[in-house]
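For reference, run_12.pdb (PDB, C-alpha atoms):
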```
ATOM      1  CA  MET A  72      12.701   0.532-109.943
ATOM      2  CA  GLU A  73      13.289  -2.861-111.481
ATOM      3  CA  GLU A  74      14.590  -5.666-109.274
ATOM      4  CA  ASP A  75      18.047  -5.871-110.838
ATOM      5  CA  LYS A  76      18.421  -2.129-110.701
ATOM      6  CA  ILE A  77      17.387  -2.103-107.032
ATOM      7  CA  LYS A  78      20.014  -4.692-106.229
ATOM      8  CA  SER A  79      22.806  -2.801-107.923
ATOM      9  CA  VAL A  80      21.778   0.492-106.328
ATOM     10  CA  VAL A  81      21.642  -1.093-102.875
ATOM     11  CA  ARG A  82      24.910  -2.913-103.396
ATOM     12  CA  ASP A  83      26.739   0.197-104.613
ATOM     13  CA  ALA A  84      25.446   2.288-101.733
ATOM     14  CA  TYR A  85      26.443  -0.225 -99.074
ATOM     15  CA  ALA A  86      29.805  -0.788-100.746
ATOM     16  CA  LYS A  87      30.433   2.904-100.173
ATOM     17  CA  VAL A  88      29.400   2.604 -96.538
ATOM     18  CA  ALA A  89      31.750  -0.351 -96.104
ATOM     19  CA  LYS A  90      34.675   1.533 -97.572
ATOM     20  CA  ARG A  91      34.107   4.623 -95.545
ATOM     21  CA  GLU A  92      36.431   4.886 -92.596
ATOM     22  CA  THR A  93      34.902   4.896 -89.146
ATOM     23  CA  GLU A  94      36.403   8.321 -88.642
ATOM     24  CA  SER A  95      34.306   9.911 -91.346
ATOM     25  CA  LEU A  96      31.118   8.642 -89.738
ATOM     26  CA  LYS A  97      31.842  10.971 -86.902
ATOM     27  CA  VAL A  98      31.773  14.159 -88.929
ATOM     28  CA  ILE A  99      28.135  13.693 -89.853
ATOM     29  CA  PRO A 100      26.145  15.937 -87.534
ATOM     30  CA  VAL A 101      24.709  13.867 -84.742
ATOM     31  CA  SER A 102      20.958  14.028 -84.947
ATOM     32  CA  ARG A 103      18.553  14.779 -82.142
ATOM     33  CA  CYS A 104      17.279  11.231 -81.817
ATOM     34  CA  CYS A 105      20.520   9.374 -82.089
ATOM     35  CA  GLY A 106      22.788  11.786 -80.311
ATOM     36  CA  SER A 107      25.305  10.446 -77.882
ATOM     37  CA  SER A 108      27.860  12.067 -75.682
ATOM     38  CA  ASN A 109      30.893  10.730 -77.497
ATOM     39  CA  GLY A 110      29.761  12.051 -80.856
ATOM     40  CA  ASP A 111      30.049   8.682 -82.564
ATOM     41  CA  LEU A 112      27.043   8.348 -84.829
ATOM     42  CA  ALA A 113      27.109   4.555 -85.194
ATOM     43  CA  HIS A 114      27.432   4.206 -81.449
ATOM     44  CA  GLY A 115      24.572   6.630 -80.802
ATOM     45  CA  ILE A 116      22.241   4.903 -83.259
ATOM     46  CA  SER A 117      23.091   1.518 -81.785
ATOM     47  CA  ARG A 118      22.333   2.649 -78.247
ATOM     48  CA  ALA A 119      19.041   4.103 -79.477
ATOM     49  CA  VAL A 120      17.934   0.885 -81.197
ATOM     50  CA  GLY A 121      18.680  -1.444 -78.295
ATOM     51  CA  TYR A 122      22.336  -2.412 -77.871
ATOM     52  CA  ASN A 123      23.964  -1.967 -74.465
ATOM     53  CA  GLU A 124      27.454  -0.630 -73.768
ATOM     54  CA  ASP A 125      28.855  -4.095 -73.004
ATOM     55  CA  GLU A 126      27.686  -5.408 -76.357
ATOM     56  CA  LEU A 127      29.099  -2.419 -78.206
ATOM     57  CA  ALA A 128      32.433  -2.806 -76.447
ATOM     58  CA  SER A 129      32.616  -6.554 -77.139
ATOM     59  CA  VAL A 130      33.005  -6.472 -80.938
ATOM     60  CA  PRO A 131      36.005  -5.545 -83.102
ATOM     61  CA  GLU A 132      36.292  -1.861 -83.913
ATOM     62  CA  GLY A 133      34.688  -1.135 -87.273
ATOM     63  CA  ALA A 134      32.180  -3.997 -87.025
ATOM     64  CA  ASN A 135      29.352  -1.736 -85.981
ATOM     65  CA  LEU A 136      28.353   0.615 -88.779
ATOM     66  CA  GLY A 137      25.195   1.829 -87.067
ATOM     67  CA  LEU A 138      22.990   0.410 -89.817
ATOM     68  CA  GLY A 139      20.645  -1.640 -87.661
ATOM     69  CA  CYS A 140      17.190  -0.898 -86.364
ATOM     70  CA  GLY A 141      17.130  -3.311 -83.427
ATOM     71  CA  ASN A 142      19.174  -5.917 -81.600
ATOM     72  CA  PRO A 143      18.005  -9.272 -82.978
ATOM     73  CA  THR A 144      20.713 -11.244 -81.206
ATOM     74  CA  ALA A 145      19.376 -10.166 -77.814
ATOM     75  CA  LEU A 146      15.879 -11.079 -78.954
ATOM     76  CA  ALA A 147      16.875 -14.454 -80.362
ATOM     77  CA  GLY A 148      17.611 -16.088 -76.982
ATOM     78  CA  LEU A 149      20.701 -17.901 -78.267
ATOM     79  CA  HIS A 150      22.315 -20.854 -76.533
ATOM     80  CA  GLU A 151      25.791 -22.308 -76.548
ATOM     81  CA  GLY A 152      26.479 -24.654 -79.416
ATOM     82  CA  GLU A 153      23.813 -23.314 -81.768
ATOM     83  CA  THR A 154      24.238 -22.598 -85.476
ATOM     84  CA  VAL A 155      23.148 -19.062 -86.279
ATOM     85  CA  LEU A 156      22.599 -17.486 -89.692
ATOM     86  CA  ASP A 157      22.591 -13.690 -90.136
ATOM     87  CA  LEU A 158      20.849 -12.420 -93.261
ATOM     88  CA  GLY A 159      22.595  -9.285 -94.495
ATOM     89  CA  SER A 160      25.528  -9.476 -92.119
ATOM     90  CA  GLY A 161      27.244  -6.242 -93.190
ATOM     91  CA  ALA A 162      30.495  -5.669 -91.320
ATOM     92  CA  GLY A 163      29.624  -8.506 -88.948
ATOM     93  CA  PHE A 164      28.390  -6.702 -85.833
ATOM     94  CA  ASP A 165      25.435  -8.978 -84.992
ATOM     95  CA  CYS A 166      27.421 -12.082 -86.004
ATOM     96  CA  PHE A 167      30.125 -11.263 -83.474
ATOM     97  CA  LEU A 168      27.568 -10.702 -80.716
ATOM     98  CA  ALA A 169      25.955 -14.036 -81.606
ATOM     99  CA  ALA A 170      29.373 -15.726 -81.740
ATOM    100  CA  ASN A 171      30.133 -14.561 -78.212
ATOM    101  CA  ILE A 172      27.019 -16.407 -77.010
ATOM    102  CA  VAL A 173      27.093 -19.642 -79.037
ATOM    103  CA  GLY A 174      30.761 -20.110 -78.147
ATOM    104  CA  VAL A 175      33.351 -22.467 -79.595
ATOM    105  CA  ASP A 176      30.888 -25.305 -80.081
ATOM    106  CA  GLY A 177      28.507 -23.093 -82.008
ATOM    107  CA  ARG A 178      28.945 -21.296 -85.282
ATOM    108  CA  VAL A 179      27.679 -18.191 -86.958
ATOM    109  CA  ILE A 180      27.332 -17.676 -90.688
ATOM    110  CA  GLY A 181      26.861 -14.254 -92.181
ATOM    111  CA  VAL A 182      25.490 -13.823 -95.698
ATOM    112  CA  ASP A 183      25.690 -10.517 -97.539
ATOM    113  CA  MET A 184      25.553  -9.595-101.235
ATOM    114  CA  THR A 185      28.043  -6.701-101.027
ATOM    115  CA  PRO A 186      31.669  -7.839-101.532
ATOM    116  CA  GLU A 187      33.080  -4.809 -99.686
ATOM    117  CA  MET A 188      30.959  -5.646 -96.633
ATOM    118  CA  VAL A 189      32.000  -9.302 -96.630
ATOM    119  CA  ASP A 190      35.670  -8.263 -96.926
ATOM    120  CA  LYS A 191      35.263  -5.918 -94.006
ATOM    121  CA  ALA A 192      33.454  -8.538 -91.941
ATOM    122  CA  ARG A 193      36.161 -11.088 -92.594
ATOM    123  CA  SER A 194      38.910  -8.700 -91.607
ATOM    124  CA  ASN A 195      36.948  -7.805 -88.474
ATOM    125  CA  ALA A 196      36.668 -11.509 -87.637
ATOM    126  CA  ARG A 197      40.436 -11.844 -87.932
ATOM    127  CA  LYS A 198      40.996  -8.735 -85.846
ATOM    128  CA  GLY A 199      38.753 -10.117 -83.120
ATOM    129  CA  GLY A 200      40.134 -13.671 -83.365
ATOM    130  CA  TYR A 201      36.710 -15.178 -84.070
ATOM    131  CA  GLU A 202      37.085 -18.836 -84.994
ATOM    132  CA  ASN A 203      33.377 -19.626 -85.010
ATOM    133  CA  VAL A 204      32.197 -17.027 -87.535
ATOM    134  CA  ASP A 205      32.214 -17.362 -91.302
ATOM    135  CA  PHE A 206      31.088 -14.935 -93.976
ATOM    136  CA  ARG A 207      30.054 -15.622 -97.525
ATOM    137  CA  LEU A 208      28.773 -13.665-100.461
ATOM    138  CA  GLY A 209      25.212 -14.589-101.188
ATOM    139  CA  GLU A 210      21.787 -13.314-101.939
ATOM    140  CA  LEU A 211      18.967 -13.561 -99.425
ATOM    141  CA  GLU A 212      16.492 -14.721-102.070
ATOM    142  CA  HIS A 213      18.890 -17.549-103.026
ATOM    143  CA  LEU A 214      20.625 -18.589 -99.823
ATOM    144  CA  PRO A 215      23.692 -20.815-100.326
ATOM    145  CA  VAL A 216      22.788 -22.654 -97.140
ATOM    146  CA  ALA A 217      21.702 -26.295 -96.924
ATOM    147  CA  ASP A 218      18.163 -27.328 -95.951
ATOM    148  CA  ARG A 219      17.453 -27.705 -92.225
ATOM    149  CA  SER A 220      20.953 -26.718 -91.125
ATOM    150  CA  VAL A 221      20.361 -23.661 -88.928
ATOM    151  CA  ASP A 222      19.050 -23.362 -85.355
ATOM    152  CA  VAL A 223      18.422 -19.630 -85.254
ATOM    153  CA  LEU A 224      18.148 -17.037 -87.983
ATOM    154  CA  ILE A 225      18.641 -13.337 -87.330
ATOM    155  CA  SER A 226      18.487 -10.253 -89.549
ATOM    156  CA  ASN A 227      18.771  -6.581 -88.754
ATOM    157  CA  CYS A 228      17.168  -3.964 -90.962
ATOM    158  CA  VAL A 229      17.978  -5.706 -94.245
ATOM    159  CA  ILE A 230      14.947  -7.615 -95.508
ATOM    160  CA  ASN A 231      13.240  -4.310 -96.362
ATOM    161  CA  LEU A 232      15.996  -3.829 -98.956
ATOM    162  CA  THR A 233      15.130  -7.007-100.818
ATOM    163  CA  PRO A 234      12.712  -6.778-103.734
ATOM    164  CA  ASP A 235      11.225 -10.265-103.148
ATOM    165  CA  LYS A 236      10.444 -10.620 -99.445
ATOM    166  CA  ALA A 237       8.386 -13.785 -99.950
ATOM    167  CA  ALA A 238      11.442 -15.484-101.461
ATOM    168  CA  VAL A 239      13.576 -14.385 -98.503
ATOM    169  CA  PHE A 240      11.179 -15.822 -95.919
ATOM    170  CA  ASN A 241      10.699 -19.011 -97.949
ATOM    171  CA  GLU A 242      14.468 -19.436 -97.937
ATOM    172  CA  ALA A 243      14.623 -18.669 -94.212
ATOM    173  CA  PHE A 244      12.060 -21.407 -93.627
ATOM    174  CA  ARG A 245      13.960 -23.878 -95.782
ATOM    175  CA  VAL A 246      17.322 -23.471 -94.028
ATOM    176  CA  LEU A 247      15.979 -23.614 -90.474
ATOM    177  CA  LYS A 248      15.812 -26.944 -88.672
ATOM    178  CA  PRO A 249      12.344 -28.016 -87.525
ATOM    179  CA  GLY A 250      11.951 -26.350 -84.123
ATOM    180  CA  GLY A 251      14.332 -23.578 -85.186
ATOM    181  CA  HIS A 252      13.331 -19.966 -84.876
ATOM    182  CA  PHE A 253      14.052 -16.479 -86.149
ATOM    183  CA  ALA A 254      14.359 -12.975 -84.677
ATOM    184  CA  VAL A 255      14.248 -10.128 -87.160
ATOM    185  CA  SER A 256      14.378  -6.349 -86.812
ATOM    186  CA  ASP A 257      13.088  -4.459 -89.799
ATOM    187  CA  ILE A 258      11.320  -1.388 -91.120
ATOM    188  CA  VAL A 259       7.660  -1.569 -92.102
ATOM    189  CA  LEU A 260       4.993   0.951 -93.016
ATOM    190  CA  LEU A 261       1.685   1.848 -91.409
ATOM    191  CA  LYS A 262       0.620   3.862 -94.424
ATOM    192  CA  GLU A 263       1.751   4.081 -98.011
ATOM    193  CA  LEU A 264       4.604   6.433 -98.818
ATOM    194  CA  PRO A 265       4.197   9.452-101.092
ATOM    195  CA  ASP A 266       5.032   8.638-104.725
ATOM    196  CA  ALA A 267       8.105  10.875-104.734
ATOM    197  CA  VAL A 268       9.586   8.862-101.877
ATOM    198  CA  LYS A 269       8.614   5.534-103.438
ATOM    199  CA  GLN A 270      10.506   6.423-106.604
ATOM    200  CA  SER A 271      13.616   7.635-104.810
ATOM    201  CA  ALA A 272      16.728   5.471-104.972
ATOM    202  CA  ALA A 273      18.101   7.274-101.902
ATOM    203  CA  ALA A 274      14.941   6.410 -99.990
ATOM    204  CA  TYR A 275      15.236   2.796-101.092
ATOM    205  CA  VAL A 276      18.805   2.500 -99.922
ATOM    206  CA  GLY A 277      17.885   4.305 -96.716
ATOM    207  CA  CYS A 278      15.450   1.498 -95.814
ATOM    208  CA  LEU A 279      12.294   3.439 -96.659
ATOM    209  CA  SER A 280      10.855   2.734-100.065
ATOM    210  CA  GLY A 281      11.627  -0.972-100.014
ATOM    211  CA  ALA A 282       9.608  -1.312 -96.821
ATOM    212  CA  ILE A 283       6.150  -2.809 -97.173
ATOM    213  CA  MET A 284       3.002  -2.472 -95.098
ATOM    214  CA  LYS A 285       3.277  -4.129 -91.703
ATOM    215  CA  ASP A 286       0.292  -6.464 -92.224
ATOM    216  CA  ALA A 287       1.654  -7.624 -95.567
ATOM    217  CA  TYR A 288       5.065  -8.231 -93.986
ATOM    218  CA  ILE A 289       3.635 -10.424 -91.225
ATOM    219  CA  GLU A 290       1.406 -12.250 -93.709
ATOM    220  CA  THR A 291       4.444 -12.966 -95.909
ATOM    221  CA  ILE A 292       6.193 -14.581 -92.944
ATOM    222  CA  ARG A 293       3.150 -16.715 -92.095
ATOM    223  CA  ALA A 294       2.703 -17.717 -95.734
ATOM    224  CA  ALA A 295       6.252 -19.113 -95.708
ATOM    225  CA  GLY A 296       5.073 -21.600 -93.055
ATOM    226  CA  PHE A 297       6.245 -19.992 -89.823
ATOM    227  CA  LYS A 298       4.140 -20.409 -86.675
ATOM    228  CA  GLY A 299       3.936 -18.263 -83.575
ATOM    229  CA  VAL A 300       4.772 -15.180 -85.620
ATOM    230  CA  ARG A 301       4.491 -12.119 -83.436
ATOM    231  CA  VAL A 302       5.703  -8.552 -83.261
ATOM    232  CA  VAL A 303       7.376  -8.283 -79.873
ATOM    233  CA  GLU A 304       8.195  -4.617 -80.181
ATOM    234  CA  GLU A 305       7.148  -1.783 -82.415
ATOM    235  CA  THR A 306       8.658   1.672 -82.266
ATOM    236  CA  ALA A 307       8.416   4.847 -84.225
ATOM    237  CA  PHE A 308      11.622   5.058 -86.135
ATOM    238  CA  PRO A 309      12.833   8.648 -86.296
ATOM    239  CA  LEU A 310      13.931   9.295 -89.846
ATOM    240  CA  ASP A 311      17.113  10.839 -88.545
ATOM    241  CA  CYS A 312      18.144   7.403 -87.323
ATOM    242  CA  MET A 313      18.220   6.166 -90.876
ATOM    243  CA  ALA A 314      20.744   8.820 -91.618
ATOM    244  CA  ASN A 315      23.818   6.685 -91.488
ATOM    245  CA  ASP A 316      24.836   7.042 -95.071
ATOM    246  CA  PRO A 317      21.981   6.664 -97.515
ATOM    247  CA  THR A 318      20.733   9.527 -95.516
ATOM    248  CA  ALA A 319      17.507  11.010 -94.380
ATOM    249  CA  GLN A 320      19.176  14.303 -95.137
ATOM    250  CA  ALA A 321      19.564  13.225 -98.740
ATOM    251  CA  ILE A 322      15.984  12.062 -98.775
ATOM    252  CA  GLY A 323      14.778  15.306 -97.273
ATOM    253  CA  SER A 324      16.787  17.607 -99.476
ATOM    254  CA  SER A 325      16.762  15.676-102.735
ATOM    255  CA  LEU A 326      13.011  15.257-102.589
ATOM    256  CA  ASN A 327      12.363  18.779-101.359
ATOM    257  CA  LEU A 328      10.036  17.565 -98.656
ATOM    258  CA  THR A 329       8.640  20.129 -96.267
ATOM    259  CA  SER A 330       9.087  19.489 -92.575
ATOM    260  CA  GLU A 331       5.380  18.641 -92.414
ATOM    261  CA  GLU A 332       5.799  16.044 -95.152
ATOM    262  CA  LEU A 333       8.789  14.632 -93.312
ATOM    263  CA  ASP A 334       6.724  14.347 -90.133
ATOM    264  CA  ASN A 335       3.999  12.550 -92.081
ATOM    265  CA  LEU A 336       6.628  10.216 -93.406
ATOM    266  CA  ALA A 337       7.901   9.582 -89.901
ATOM    267  CA  ASP A 338       4.358   8.635 -88.810
ATOM    268  CA  ALA A 339       4.196   6.053 -91.555
ATOM    269  CA  VAL A 340       7.432   4.277 -90.684
ATOM    270  CA  ARG A 341       7.869   1.750 -87.892
ATOM    271  CA  SER A 342      10.726  -0.375 -86.689
ATOM    272  CA  ILE A 343       9.470  -3.804 -85.646
ATOM    273  CA  LYS A 344      11.020  -6.801 -83.960
ATOM    274  CA  VAL A 345       9.428 -10.037 -85.088
ATOM    275  CA  VAL A 346       9.909 -13.606 -83.935
ATOM    276  CA  GLY A 347       8.539 -16.919 -85.172
ATOM    277  CA  GLU A 348       9.273 -20.640 -85.338
ATOM    278  CA  LYS A 349       9.504 -23.367 -87.898
ATOM    279  CA  PRO A 350       7.233 -26.193 -86.689
TER     280      PRO A 350
ATOM    281  CA  MET B 149      36.222 -20.082 -95.238
ATOM    282  CA  LYS B 150      36.523 -22.825 -92.664
ATOM    283  CA  SER B 151      36.397 -26.309 -94.084
ATOM    284  CA  GLU B 152      34.193 -27.628 -91.265
ATOM    285  CA  LEU B 153      31.386 -25.369 -92.515
ATOM    286  CA  LEU B 154      31.219 -27.245 -95.791
ATOM    287  CA  ASN B 155      28.359 -29.454 -94.744
ATOM    288  CA  ILE B 156      25.944 -26.575 -94.460
ATOM    289  CA  LEU B 157      26.739 -25.048 -97.843
ATOM    290  CA  CYS B 158      24.709 -25.644-100.981
ATOM    291  CA  CYS B 159      24.269 -24.311-104.480
ATOM    292  CA  PRO B 160      22.220 -21.109-104.211
ATOM    293  CA  VAL B 161      20.250 -21.979-107.336
ATOM    294  CA  CYS B 162      19.391 -25.702-107.184
ATOM    295  CA  LYS B 163      20.231 -26.227-103.473
ATOM    296  CA  GLY B 164      22.235 -29.303-104.401
ATOM    297  CA  PRO B 165      25.629 -30.249-102.971
ATOM    298  CA  LEU B 166      28.800 -28.477-104.053
ATOM    299  CA  VAL B 167      32.117 -30.101-104.876
ATOM    300  CA  LEU B 168      35.060 -28.276-103.348
ATOM    301  CA  GLU B 169      38.433 -27.876-105.001
ATOM    302  CA  VAL B 170      41.068 -26.280-102.783
ATOM    303  CA  GLU B 171      43.921 -24.286-104.323
ATOM    304  CA  SER B 172      45.350 -22.914-101.107
ATOM    305  CA  GLU B 173      44.634 -23.426 -97.447
ATOM    306  CA  GLU B 174      45.924 -21.882 -94.216
ATOM    307  CA  ALA B 175      45.298 -23.364 -90.768
ATOM    308  CA  GLY B 176      42.088 -25.179 -91.689
ATOM    309  CA  GLU B 177      40.820 -22.225 -93.650
ATOM    310  CA  ILE B 178      40.309 -22.358 -97.405
ATOM    311  CA  ILE B 179      41.837 -19.238 -98.927
ATOM    312  CA  LYS B 180      41.475 -19.955-102.622
ATOM    313  CA  GLY B 181      39.534 -22.534-104.570
ATOM    314  CA  THR B 182      36.244 -23.246-106.241
ATOM    315  CA  PHE B 183      32.916 -24.855-105.598
ATOM    316  CA  TYR B 184      31.313 -26.711-108.456
ATOM    317  CA  CYS B 185      27.651 -27.540-108.848
ATOM    318  CA  ALA B 186      27.328 -30.453-111.248
ATOM    319  CA  VAL B 187      23.577 -30.005-111.665
ATOM    320  CA  CYS B 188      23.840 -26.358-112.755
ATOM    321  CA  ASN B 189      27.318 -26.788-114.259
ATOM    322  CA  VAL B 190      28.446 -23.629-112.496
ATOM    323  CA  TYR B 191      31.669 -22.801-110.655
ATOM    324  CA  TYR B 192      31.603 -20.579-107.583
ATOM    325  CA  PRO B 193      34.986 -19.039-106.746
ATOM    326  CA  ILE B 194      36.573 -18.776-103.305
ATOM    327  CA  ASP B 195      38.859 -15.742-103.189
ATOM    328  CA  GLU B 196      40.817 -14.469-100.218
ATOM    329  CA  GLY B 197      38.863 -16.813 -97.979
ATOM    330  CA  ILE B 198      35.440 -15.654 -99.126
ATOM    331  CA  PRO B 199      33.175 -17.996-101.088
ATOM    332  CA  ASN B 200      31.245 -16.104-103.748
ATOM    333  CA  LEU B 201      27.933 -17.918-103.719
ATOM    334  CA  LEU B 202      25.924 -15.253-105.438
ATOM    335  CA  PRO B 203      23.761 -16.645-108.231
ATOM    336  CA  PRO B 204      25.781 -16.330-111.481
ATOM    337  CA  GLU B 205      23.676 -13.463-112.861
ATOM    338  CA  LEU B 206      24.379 -11.351-109.781
ATOM    339  CA  ARG B 207      28.160 -11.508-109.804
TER     340      ARG B 207
END
```
Hey, can you dump this file as C-alpha cells for me?
Amino acid sequence: MEEDKIKSVVRDAYAKVAKRETESLKVIPVSRCCGSSNGDLAHGISRAVGYNEDELASVPEGANLGLGCGNPTALAGLHEGETVLDLGSGAGFDCFLAANIVGVDGRVIGVDMTPEMVDKARSNARKGGYENVDFRLGELEHLPVADRSVDVLISNCVINLTPDKAAVFNEAFRVLKPGGHFAVSDIVLLKELPDAVKQSAAAYVGCLSGAIMKDAYIETIRAAGFKGVRVVEETAFPLDCMANDPTAQAIGSSLNLTSEELDNLADAVRSIKVVGEKP
Amino acid sequence: MKSELLNILCCPVCKGPLVLEVESEEAGEIIKGTFYCAVCNVYYPIDEGIPNLLPPELR
C-alpha cells in the first residue's frame, strides 16, 4: 500500500474504534489469551499486556480501548513535574496514567492523527477533571512539538502503524530535551510475513503488516541518535490479543489462513518494550 | 487547548513558531481560534478546544 493510502486506512479504522461504544466491545468473544472474568475485552487485554487493576481503575471510563501492547508509562519511570509526550494517544489511557504521576506541576501531551480519537480523549479528560493533559491532532512523522521541550516520550503499539518509522524516531529525538528518554511498546517481527498478510489492509490496521523486523526497528532508533537503546522485555504476542477491532479474526478469515499458518504468523510476531535516551 | 502549553507547540512542517489568534476562550482554555505559521503561510484551526496541527495535506 502507498503511504497516503495506509494513513487513510489506519485513520478510518481507528475512527471506527473510537466511535464504538464501550458496550459493544464486550460482545466480541473473549479470546483464550486475553480472557478475563468480567468479560470486558479491553480490560482483559490490558491486564494481559501489563497494566494492574489500580491503573485500570484510575482512568476515566472509556479511556482504555484495549489497543495497547504494553504499559509504557510504568516502564518510563516518570517523576513529578515532568513533561510527557504520548505518540498516538488514542482515547488517552496512557496519558491519564502519566498525568496521575507527573501531577499538577507536570504536563502530558497526547498526539494522534485520528480526529475521533482526539475528541474522545478530550472528553475523557474533562470527565476525569484532568487539568494537566492536552490533546492535539498531529502526525507522528511531523510532530507539532517544539525542539527540546519534552522530558519523557511514551508510545504504545502505534509506531508500527506509521509508514516512515525513521521519521518518527527522528522527530522523537528532536522534541526530547538532552538527557530525556523514551519508553515504547510496539510490535516487531522475527521473520518476514507471508505476502498475503503483507498486502492485507486489515493486517496493517491490526498492527501486523506495518511491523518491521526487530533488528531494523532497533537500528532505526539508534540511527536517530538515541543511546542506551535496549529491549527490556520481549513477549510472544498472541494474535488473538490484536483482536480488538481491526481483528485477528478478520485477518484469519479474510485471508483464509489455516490454523498452521496462523501459528507460524504468531511465531513471527513479538511485542517489545524498548527504552533509550537522548544524550 | 490550554494556553500555557503554547510554548511547546510548533509548526509541524517547518518547526517554526506559531502565532495564536483566539476567537473564544473558557477558563484558560482556548476553544476556538487559529495558529498561523508565517514561514509556511499556513493556518492551523483550533476547533472545540482541539488544535488541528496535522500537516495541510493530511487534513
- Kindly determine which residues of chain B lie within 8 Å of chain A, considering only C-alpha atoms, and give the answer as a list in words. Met149, Lys150, Asn155, Ile156, Leu157, Cys158, Cys159, Pro160, Val161, Lys163, Ile198, Pro199, Asn200, Leu201, Leu202 and Pro203 of chain B
- Measuring atom to atom with all atoms listed in the file, identify which of A:Ile343, A:Val239, A:Leu260, A:Val80 is nearest to Ala287 in chain A. A:Leu260
- Task: Determine the residue membership of the PyMOL selection byres ((chain B and resi 178) around 9) for the file above and supply it as a list in words.
- Result: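 Checking the PyMOL selection byres ((chain B and resi 178) around 9) against this file, the residues are Met149, Lys150, Ser151, Val170, Glu171, Ser172, Glu173, Glu174, Ala175, Gly176, Glu177, Ile179, Lys180, Gly181, Ile194, Asp195, Glu196, Gly197 and Ile198 of chain B.
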- Task: Can you turn the PyMOL selection byres ((chain A and resi 157) around 10) into a concrete residue list for this file, as a ChimeraX atom specification?
- Result: /A:143-144,155-156,158-161,163,165-166,169,179-183,206,211,223-227,253-255
- Query: Hey, can you check how far CA of Val167 in chain B sits from CA of Ala237 in chain A?
  - Reply: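 Computing it gives 29.2 Å between the two atoms.
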